[in-house]
Each structure stands twice: as structure tokens, then as C-alpha cells.
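What's in run.txt: compact mmCIF, C-alpha atoms
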```txt
# COMPACT_ATOMS: atom_id res chain seq x y z
CA MET A 1 90.13 116.03 117.80
CA PRO A 2 90.72 118.12 114.65
CA HIS A 3 92.80 121.27 114.94
CA ILE A 4 90.22 123.30 112.97
CA PRO A 5 86.41 123.05 112.90
CA LEU A 6 85.60 120.15 110.56
CA ASP A 7 82.38 118.28 109.85
CA PRO A 8 82.55 115.24 112.17
CA GLN A 9 80.39 113.26 109.73
CA LEU A 10 83.09 113.50 107.06
CA PRO A 11 86.23 111.50 107.82
CA GLY A 12 89.78 112.26 106.73
CA ILE A 13 90.41 114.33 103.65
CA ARG A 14 86.69 114.52 102.90
CA SER A 15 86.23 116.95 105.81
CA LEU A 16 89.15 119.06 104.57
CA MET A 17 87.68 119.17 101.08
CA ALA A 18 84.38 120.41 102.52
CA PHE A 19 86.17 122.95 104.73
CA ARG A 20 88.04 124.51 101.80
CA PRO A 21 86.33 123.56 98.51
CA GLU A 22 88.56 125.84 96.44
CA THR A 23 91.58 123.67 97.32
CA ALA A 24 89.55 120.48 96.90
CA VAL A 25 89.19 121.00 93.16
CA PRO A 26 92.90 120.89 92.24
CA LEU A 27 93.69 118.21 94.85
CA ASN A 28 90.92 115.95 93.51
CA HIS A 29 91.98 116.68 89.94
CA LEU A 30 95.55 115.64 90.75
CA ALA A 31 94.38 112.41 92.38
CA GLN A 32 92.04 111.67 89.47
CA THR A 33 94.80 112.26 86.92
CA LEU A 34 97.38 110.19 88.79
CA LEU A 35 95.18 107.30 89.87
CA ARG A 36 92.54 107.15 87.13
CA GLY A 37 94.02 108.91 84.11
CA PRO A 38 95.49 107.15 81.09
CA SER A 39 98.43 104.98 82.13
CA THR A 40 100.15 101.70 81.37
CA LEU A 41 99.94 101.02 85.12
CA THR A 42 96.57 99.65 86.15
CA VAL A 43 94.29 101.53 88.52
CA GLY A 44 94.98 98.80 91.08
CA GLU A 45 98.75 99.19 90.75
CA ARG A 46 98.51 102.96 91.20
CA GLU A 47 96.16 102.60 94.17
CA LEU A 48 98.62 100.10 95.65
CA ILE A 49 101.43 102.64 95.37
CA ALA A 50 99.23 105.16 97.22
CA ALA A 51 98.33 102.58 99.88
CA VAL A 52 101.93 101.44 100.46
CA VAL A 53 103.18 105.03 100.79
CA SER A 54 100.29 105.95 103.11
CA ASN A 55 100.98 102.84 105.19
CA GLY A 56 104.63 103.82 105.50
CA ASN A 57 103.59 107.32 106.55
CA GLU A 58 101.25 105.79 109.13
CA CYS A 59 98.30 107.76 107.79
CA ARG A 60 95.42 105.56 108.91
CA PHE A 61 92.73 107.29 106.84
CA CYS A 62 94.65 107.38 103.55
CA HIS A 63 96.04 103.89 104.00
CA GLY A 64 92.62 102.49 104.84
CA SER A 65 90.79 104.11 101.95
CA HIS A 66 93.46 103.49 99.28
CA ALA A 67 94.16 99.95 100.47
CA ALA A 68 90.44 99.28 100.09
CA ALA A 69 90.39 100.92 96.63
CA ALA A 70 93.44 98.87 95.60
CA ALA A 71 91.77 95.69 96.88
CA GLU A 72 88.71 96.48 94.76
CA THR A 73 90.73 97.12 91.59
CA LEU A 74 93.77 94.84 91.83
CA ASP A 75 93.99 91.22 90.76
CA GLY A 76 94.41 89.27 93.98
CA GLY A 77 92.51 91.86 96.02
CA ARG A 78 93.06 92.37 99.72
CA ALA A 79 95.66 89.60 100.08
CA VAL A 80 97.99 91.37 97.64
CA VAL A 81 97.47 94.74 99.33
CA ASP A 82 98.10 93.35 102.81
CA ALA A 83 101.22 91.51 101.64
CA ALA A 84 102.63 94.61 99.92
CA CYS A 85 101.99 96.77 102.97
CA ALA A 86 103.66 94.18 105.19
CA GLY A 87 106.77 94.11 102.99
CA ILE A 88 107.15 94.45 99.25
CA ASP A 89 109.86 91.78 98.96
CA ASP A 90 107.35 88.99 99.56
CA ALA A 91 104.33 90.60 97.92
CA PRO A 92 102.74 88.66 95.06
CA VAL A 93 103.22 91.43 92.50
CA SER A 94 105.21 91.64 89.28
CA ALA A 95 108.94 92.36 89.43
CA LYS A 96 108.26 95.69 87.71
CA LEU A 97 105.68 96.74 90.29
CA ARG A 98 107.98 95.62 93.11
CA ALA A 99 110.75 97.83 91.66
CA LEU A 100 108.32 100.77 91.36
CA LEU A 101 107.16 100.24 94.95
CA ARG A 102 110.80 100.43 96.07
CA ILE A 103 111.05 103.78 94.30
CA ALA A 104 107.80 104.95 95.93
CA LEU A 105 109.11 104.01 99.37
CA ALA A 106 112.35 105.85 98.66
CA VAL A 107 110.35 108.97 97.74
CA ARG A 108 108.46 108.55 101.02
CA GLU A 109 111.76 108.93 102.87
CA THR A 110 113.13 111.76 100.71
CA GLY A 111 113.24 112.38 96.99
CA ARG A 112 117.02 112.10 97.12
CA ALA A 113 116.69 108.46 98.20
CA VAL A 114 115.65 107.58 94.64
CA THR A 115 118.95 106.31 93.30
CA SER A 116 120.16 105.54 89.80
CA GLU A 117 120.27 101.90 90.89
CA LEU A 118 116.58 101.87 91.86
CA VAL A 119 115.68 103.46 88.52
CA ALA A 120 117.92 101.08 86.56
CA THR A 121 116.33 98.09 88.30
CA ALA A 122 112.84 99.34 87.46
CA ARG A 123 113.84 99.94 83.84
CA ALA A 124 115.38 96.45 83.65
CA GLU A 125 112.00 95.08 84.79
CA GLY A 126 110.24 96.98 82.00
CA ALA A 127 109.24 100.26 83.65
CA THR A 128 108.85 103.14 81.21
CA ASP A 129 109.86 106.74 81.79
CA VAL A 130 106.19 107.67 82.23
CA GLU A 131 105.73 104.90 84.82
CA LEU A 132 108.81 106.11 86.69
CA HIS A 133 107.51 109.68 86.57
CA ASP A 134 104.04 108.72 87.73
CA THR A 135 105.33 106.49 90.54
CA VAL A 136 107.44 109.33 91.93
CA LEU A 137 104.58 111.81 91.60
CA ILE A 138 102.02 109.45 93.18
CA ALA A 139 104.38 108.83 96.10
CA ALA A 140 105.16 112.53 96.51
CA ALA A 141 101.49 113.53 96.25
CA PHE A 142 100.49 110.95 98.84
CA CYS A 143 103.14 112.22 101.22
CA MET A 144 101.40 115.60 100.87
CA TYR A 145 97.90 114.15 101.22
CA ASN A 146 99.00 112.10 104.28
CA ARG A 147 100.51 115.13 105.97
CA TYR A 148 97.45 117.24 105.11
CA VAL A 149 95.09 114.68 106.68
CA ASP A 150 97.22 114.00 109.76
CA GLY A 151 98.55 117.54 110.17
CA LEU A 152 95.05 118.83 110.82
CA ALA A 153 94.14 115.80 112.95
CA THR A 154 91.16 114.73 110.87
CA VAL A 155 88.91 111.95 112.08
CA ALA A 156 89.87 108.45 110.92
CA PRO A 157 87.23 105.77 111.41
CA ASP A 158 88.12 102.74 113.51
CA ASP A 159 85.67 100.48 111.68
CA PRO A 160 87.31 98.63 108.74
CA ALA A 161 83.89 98.49 107.05
CA ALA A 162 83.98 102.28 106.62
CA TYR A 163 87.15 101.96 104.56
CA GLU A 164 85.75 99.07 102.55
CA GLN A 165 82.79 101.27 101.62
CA MET A 166 85.12 104.17 100.68
CA GLY A 167 87.19 101.77 98.59
CA LYS A 168 84.10 100.65 96.67
CA VAL A 169 83.10 104.27 96.00
CA LEU A 170 86.63 105.25 94.91
CA ALA A 171 86.87 102.20 92.66
CA ALA A 172 83.54 103.01 91.02
CA GLU A 173 83.63 106.80 90.91
CA GLY A 174 87.25 107.91 91.20
CA TYR A 175 88.18 111.34 92.49
CA GLY A 176 86.18 113.67 90.28
CA ARG A 177 83.31 114.09 92.70
```
Would you kindly transcribe this structure into C-alpha cells?
Amino acid sequence: MPHIPLDPQLPGIRSLMAFRPETAVPLNHLAQTLLRGPSTLTVGERELIAAVVSNGNECRFCHGSHAAAAAETLDGGRAVVDAACAGIDDAPVSAKLRALLRIALAVRETGRAVTSELVATARAEGATDVELHDTVLIAAAFCMYNRYVDGLATVAPDDPAAYEQMGKVLAAEGYGR
């Protein structure tokens, strides 16, 4: 049960956005910029970073919705997302994305866990400074979003089909709504 009065018809962060629309605007703008703005990382790769971080943070709503969005936008779809969330070492992703996911998981623990070695490995695999920056910021932002959603005990659907539908909408429309 949510800690504040939220619309029970709106799951997860959607209910928080409706509760406080003035904070929804910058939060949506940040997500839109990070996940849909110009980047050398694909939308699917960026959604996968969000899904892996949310999975690690055990945020059911954010993991479910971003895993579904990643599956909609990533070559290999759901199988790649599930493999990456189960363990990035065996995930069928590029060496560069694997190195960036390691950085994202380090950020999830603490920003100080991002070591020079992790960065050097990502650079050796072809990661640019902008990709390093965006990976760290996506991971940090999703730690905030995860804590926002779970800290106020929002409703997270049990039905996987609800997340699949959210994933389709996010893939098609992004975060500017």
C-alpha cells in the first residue's frame, strides 16, 4: 500500500508523476534526454542499462517496464534482456556494452566503485567519453527513480503483460508525455 495517496489505476512512477506534476516535467525530461536523446548508444542499449540497474536494485516496476522497453528496441529482444539481467558475463551483447554494464552496476553500488580499470576496459572496447558519461548518469538516475518508486511504496503490477504494454508505449512514445 502506498505511503501517500496515489491513484491506484496508475502503477509505479506514473502515479507519482500524477501526484506531483511539477516534478514530473524535469524527471521525464531527464529520462527522455538520457534514453531517447542523440547518442552513439542505441535506445535499446540505454534501456538495457536502465533495466539492469533497476533489476539490481530490485525495483520491480522500473525493471519490468524498462526490460520490456529494452526488449522492444534491442536486437535480440527479451532473450538478451533476460540474459543481461541474469548476469552480464554471459549476456549476448557487445564487449563494449558489457564493459558499460559493469560500470553501471558499479554505480548502482556506489559511485566510488567505478574504478580506473573499469573505465580503461570500456575505453579499450571502444567506449567514448560521452558513452561513459551517459552510462554513469543513466545508472545514477535509475538509482534515484528506483528509490523514488519503492520509497513511496507505489503499486507494481504482478501481470507481466502490463509491463509488455508499458514497454511498447515507451518504445513508441518515449518519456515526453
Centre and edge lengths, as JSON, for the axis-aligned box enclosing every listed atom of region 15-23 of chain A with 6 Å of padding on each of the six sides, in Å to one decimal?
```
{"center_x": 88.0, "center_y": 121.4, "center_z": 101.1, "size_x": 19.2, "size_y": 20.9, "size_z": 21.4}
```
| Residues within 7 Å of region 56-66 of chain A, only C-alpha atoms, excluding chain neighbours under 5 positions, as a ChimeraX atom specification | /A:12,47,50-51,146,150,156,163,166-167
| query | From the set A:Leu6, A:His29, A:Ala68, A:Ala18, which residue has the shortest atom-to-atom contact distance to Ala161 (chain A), counting only C-alpha atoms? | reply | A:Ala68
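In terms of minimum interatomic distance to Ala69 (chain A), A:Leu35 ranks closest within A:Ala140, A:Leu35, A:Ala83, A:Leu132, counting all atoms listed in the file.
Distances here use all atoms listed in the file; by that measure, the residue among A:Ala79, A:Asn55, A:Leu34, A:Leu100 closest to Gly126 (chain A) is A:Leu100.
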| query | How far is it from CA of Gly37 (chain A) to CA of Ser94 (chain A), in Å with one decimal? | reply | 21.2 Å
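Minimum atom-to-atom distances from A:Ala99, A:Ala141, A:Val81, A:Ala122 to Leu27 (chain A) were compared using only C-alpha atoms, and the lowest value belongs to A:Ala141.
The neighbours of Val80 (chain A) here are the residues that come within 10 Å of it, using all atoms listed in the file and leaving out any residue fewer than 5 positions away in the same chain; they are Leu48, Ala67, Ala70, Ala71, Leu74, Asp75, Cys85, Ala86, Ile88, Asp90, Ala91, Pro92 and Val93 of chain A.
The coordinates place CA of Leu41 (chain A) at 9.4 Å from CA of Ala127 (chain A).
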| message | Could you check which residues have any atom within 10 Å of (108.5, 103.3, 100.1), counting only C-alpha atoms with coordinates taken straight from the file, and then list them as a ChimeraX atom specification? | response | /A:49-50,52-57,85,87-88,100-110,113-114,139
| query | Between A:Gly111, A:Pro157, A:Gly76, A:Gly174, which one has atoms that come closest to Thr135 (chain A), using all atoms listed in the file? | reply | A:Gly111
